[in-house]
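What follows is a single structure, written as structure tokens, with notes after it.
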Amino acid sequence: MTASTLTGSLLVATPLLDEPPFRRSVILLLDHDEDGALGVVVNRAADLEVDRVLSDWSTTVSEPGVLFMGGPVGTDSALAVAEVIESADPPGWRECFGRIGLIDLDVPPALLEGAIQRMRIFAGYAGWSSGQLEGEITEGAWYVVPSEPDDVFSLQPEGLWRRVLRRQHDQMAYLATYPDDPTQN
């Protein structure tokens with residue numbers, strides 16, 4: 001496995017990873033190379049409207065229009081992940097993979113009008129130093145699976161962990177039925 005092959009993949013927390021903030025998390029890897037990895041938890045919607053913290057962007061973000069908790073690192077900062085329309089290369093957009101990339105929130109939203117198909121804003125991110133993520137995968141903390149564009153922009157993010165596992169074509173699909181509390185099984 002080369003480091004660059006994981007960019008654009010999902011990390012799905014295995015049942016072994018039972019500690020907050022990553023319990024049952026689904027992370028989209030936006031960048032992964034020999035220096036480390038960066039991603040955002042895509043299934044943790046906060047109870048905070050984007051309008052309350054970044055009002056200029058409130059009409060640009062996709063439903064449900066709330067901030068998402070992207071991870072435990074840099075929670076006082078925000079990352080905007082967007083899918084741009086075909087052949088768009090708007091100012092302030094940095095491609096991560098395909099049509100998914102990061103938006104510079106300092107760029108006036110009007111400059112991106114018509115270029116953004118969907119967008120979410122994340123407070124914080126998940127980050128790993130060189131080799132750290134690979135070690136966690138080897139230890140059994142994460143499953144690495146292909147992402148689909150709708151994963152990032154799911155209208156029901158709380159059920160994403162089970163849906164991503166269910167669509168796998170191997171034994172991972174069975175884990176979608178893993179109980180929230182196995183001691184109550």
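To be explicit about the labels: the chains of the structure tokens are called A, B, and onward in the order shown, and within each one the residues are counted from 1, while ligands get numbers from 1 in the order they are shown.
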
Exercise. Please provide as a ChimeraX atom specification all residues within 9 Å of Ala115 of chain A, with the sequence filter that same-chain residues fewer than 3 positions apart are discarded (counting only C-alpha atoms).
Key: /A:83-86,88-90,111-112

Dump as a tab-separated table (two decimals), in the first residue's frame, selection limited to N, CA, C and O atoms:
chain	number	residue	atom	x	y	z
A	83	GLU	N	-18.21	19.72	-2.96
A	83	GLU	CA	-18.21	19.07	-4.26
A	83	GLU	C	-18.55	20.16	-5.27
A	83	GLU	O	-19.57	20.82	-5.13
A	84	VAL	N	-17.67	20.35	-6.24
A	84	VAL	CA	-17.91	21.38	-7.25
A	84	VAL	C	-18.52	20.75	-8.48
A	84	VAL	O	-18.40	19.54	-8.71
A	85	ILE	N	-19.19	21.58	-9.28
A	85	ILE	CA	-19.80	21.08	-10.51
A	85	ILE	C	-18.70	20.68	-11.49
A	85	ILE	O	-17.55	21.11	-11.37
A	86	GLU	N	-19.08	19.88	-12.47
A	86	GLU	CA	-18.15	19.39	-13.48
A	86	GLU	C	-17.39	20.55	-14.11
A	86	GLU	O	-17.97	21.58	-14.42
A	88	ALA	N	-15.55	22.81	-12.95
A	88	ALA	CA	-15.37	24.06	-12.20
A	88	ALA	C	-14.02	24.05	-11.49
A	88	ALA	O	-13.55	23.00	-11.03
A	89	ASP	N	-13.40	25.19	-11.42
A	89	ASP	CA	-12.16	25.38	-10.67
A	89	ASP	C	-12.25	26.75	-10.00
A	89	ASP	O	-11.53	27.68	-10.36
A	90	PRO	N	-13.17	26.87	-9.02
A	90	PRO	CA	-13.42	28.19	-8.44
A	90	PRO	C	-12.27	28.69	-7.58
A	90	PRO	O	-11.46	27.89	-7.09
A	111	LEU	N	-17.99	34.69	-4.87
A	111	LEU	CA	-17.05	34.28	-5.92
A	111	LEU	C	-17.20	32.82	-6.30
A	111	LEU	O	-16.69	32.40	-7.34
A	112	LEU	N	-17.87	32.05	-5.46
A	112	LEU	CA	-18.05	30.62	-5.72
A	112	LEU	C	-19.45	30.29	-6.22
A	112	LEU	O	-19.77	29.12	-6.45

Practice problem: Find the residues near segment 103-110 of chain A: any atom within 6 Å, counting only C-alpha atoms, skip ones fewer than 5 places away on the same chain, and give them as number ranges by chain. | Solution: A: 80, 92-93

Give me a file of those residues, with all heavy atoms, as a PDB file, in the first residue's frame.
ATOM      1  N   ALA A  80     -14.036  23.537   5.264  1.00  0.00           N
ATOM      2  CA  ALA A  80     -15.198  23.385   4.397  1.00  0.00           C
ATOM      3  C   ALA A  80     -14.858  22.389   3.302  1.00  0.00           C
ATOM      4  O   ALA A  80     -13.888  22.566   2.570  1.00  0.00           O
ATOM      5  CB  ALA A  80     -15.594  24.722   3.790  1.00  0.00           C
ATOM      6  N   GLY A  92     -10.257  29.722  -4.404  1.00  0.00           N
ATOM      7  CA  GLY A  92     -10.330  29.266  -3.024  1.00  0.00           C
ATOM      8  C   GLY A  92     -10.649  27.799  -2.859  1.00  0.00           C
ATOM      9  O   GLY A  92     -10.831  27.316  -1.751  1.00  0.00           O
ATOM     10  N   TRP A  93     -10.704  27.051  -3.948  1.00  0.00           N
ATOM     11  CA  TRP A  93     -10.990  25.622  -3.905  1.00  0.00           C
ATOM     12  C   TRP A  93      -9.718  24.845  -4.181  1.00  0.00           C
ATOM     13  O   TRP A  93      -8.982  25.154  -5.116  1.00  0.00           O
ATOM     14  CB  TRP A  93     -12.047  25.250  -4.939  1.00  0.00           C
ATOM     15  CG  TRP A  93     -12.418  23.792  -4.915  1.00  0.00           C
ATOM     16  CD1 TRP A  93     -13.112  23.129  -3.957  1.00  0.00           C
ATOM     17  CD2 TRP A  93     -12.130  22.807  -5.918  1.00  0.00           C
ATOM     18  NE1 TRP A  93     -13.277  21.802  -4.300  1.00  0.00           N
ATOM     19  CE2 TRP A  93     -12.684  21.584  -5.503  1.00  0.00           C
ATOM     20  CE3 TRP A  93     -11.466  22.855  -7.137  1.00  0.00           C
ATOM     21  CZ2 TRP A  93     -12.589  20.408  -6.244  1.00  0.00           C
ATOM     22  CZ3 TRP A  93     -11.372  21.693  -7.883  1.00  0.00           C
ATOM     23  CH2 TRP A  93     -11.931  20.483  -7.442  1.00  0.00           C
TER      24      TRP A  93
END

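Comparing A:Val53, A:Ile116, A:Val12, A:Ala82 by their smallest distance to Arg166 of chain A, the closest is A:Val12 (using only C-alpha atoms).
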
Quick one: which segment 17-98 of chain A residues come within 9 Å of segment 131-144 of chain A, and what is the nearest atom pair for each with the distance in Å to one decimal, counting only C-alpha atoms, rows ordered by chain and ascending number, as CSV?
residue,atom,partner,partner_atom,distance
A:Leu17,CA,A:Ala141,CA,5.3
A:Glu34,CA,A:Gly131,CA,7.4
A:Asp35,CA,A:Gly131,CA,7.9
A:Gly36,CA,A:Gly131,CA,6.5
A:Ala37,CA,A:Leu133,CA,7.2

Atoms kept (N, CA and C atoms) for selection, written as a compact mmCIF listing (two decimals), in the first residue's frame:
# COMPACT_ATOMS: atom_id res chain seq x y z
N LEU A 17 -12.59 -0.06 18.23
CA LEU A 17 -12.34 1.35 18.52
C LEU A 17 -13.59 1.91 19.21
N GLU A 34 3.23 10.37 2.68
CA GLU A 34 4.30 9.90 3.58
C GLU A 34 4.44 10.76 4.83
N ASP A 35 3.89 11.97 4.81
CA ASP A 35 3.98 12.85 5.98
C ASP A 35 2.86 12.64 6.99
N GLY A 36 1.81 11.93 6.60
CA GLY A 36 0.70 11.68 7.51
C GLY A 36 -0.63 11.73 6.79
N ALA A 37 -1.70 11.96 7.57
CA ALA A 37 -3.04 11.95 7.00
C ALA A 37 -3.91 12.99 7.67

Near Val61 of chain A, counting only C-alpha atoms, which residues have an atom at most 10 Å away, once you skip same-chain residues fewer than 6 positions from it, shown as a short mmCIF file (atom, residue, chain, number, x, y, z; two decimals) with N, CA, C and O atoms, in the first residue's frame?
data_model
loop_
_atom_site.label_atom_id
_atom_site.label_comp_id
_atom_site.auth_asym_id
_atom_site.auth_seq_id
_atom_site.Cartn_x
_atom_site.Cartn_y
_atom_site.Cartn_z
N VAL A 50 -24.98 26.62 11.04
CA VAL A 50 -23.87 27.34 10.41
C VAL A 50 -24.13 28.84 10.47
O VAL A 50 -23.22 29.64 10.66
N ASP A 51 -25.37 29.24 10.34
CA ASP A 51 -25.76 30.65 10.38
C ASP A 51 -25.27 31.35 11.65
O ASP A 51 -24.97 32.53 11.64
N LEU A 67 -23.23 22.76 11.60
CA LEU A 67 -21.80 22.48 11.68
C LEU A 67 -21.62 21.00 11.98
O LEU A 67 -22.45 20.41 12.66
N ALA A 80 -14.04 23.54 5.26
CA ALA A 80 -15.20 23.38 4.40
C ALA A 80 -14.86 22.39 3.30
O ALA A 80 -13.89 22.57 2.57
N VAL A 81 -15.65 21.34 3.22
CA VAL A 81 -15.49 20.33 2.19
C VAL A 81 -16.63 20.53 1.19
O VAL A 81 -17.79 20.62 1.58
N ALA A 82 -16.26 20.61 -0.09
CA ALA A 82 -17.27 20.88 -1.12
C ALA A 82 -17.09 19.96 -2.31
O ALA A 82 -15.98 19.51 -2.61
N ILE A 116 -20.35 25.53 -6.63
CA ILE A 116 -20.46 24.52 -5.57
C ILE A 116 -21.76 23.76 -5.72
O ILE A 116 -22.85 24.35 -5.76
N GLN A 117 -21.62 22.45 -5.79
CA GLN A 117 -22.81 21.59 -5.86
C GLN A 117 -23.32 21.29 -4.45
O GLN A 117 -24.51 21.38 -4.19
N ARG A 118 -22.39 20.91 -3.55
CA ARG A 118 -22.74 20.61 -2.16
C ARG A 118 -21.55 20.99 -1.28
O ARG A 118 -20.41 20.94 -1.72
N MET A 119 -21.85 21.34 -0.02
CA MET A 119 -20.78 21.76 0.89
C MET A 119 -21.17 21.50 2.34
O MET A 119 -22.33 21.64 2.72
N ARG A 120 -20.18 21.12 3.15
CA ARG A 120 -20.35 20.96 4.59
C ARG A 120 -19.18 21.67 5.27
O ARG A 120 -18.07 21.72 4.75
N ILE A 121 -19.45 22.19 6.46
CA ILE A 121 -18.40 22.84 7.26
C ILE A 121 -18.17 22.01 8.51
O ILE A 121 -19.13 21.63 9.20
N PHE A 153 -22.13 14.06 2.24
CA PHE A 153 -23.27 14.97 2.28
C PHE A 153 -24.58 14.26 2.66
O PHE A 153 -25.66 14.72 2.33
#

Quiz prompt | Nearest candidate to Asp151 of chain A (options A:Asn43, A:Thr5, A:Ser129, A:Gln171; using only C-alpha atoms) | solution =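 Ranking A:Asn43, A:Thr5, A:Ser129, A:Gln171 by distance to Asp151 of chain A, first place goes to A:Asn43.
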
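Taking atom CA of Tyr125 of chain A as the reference point, atom CA of Thr7 of chain A is found at 14.7 Å.
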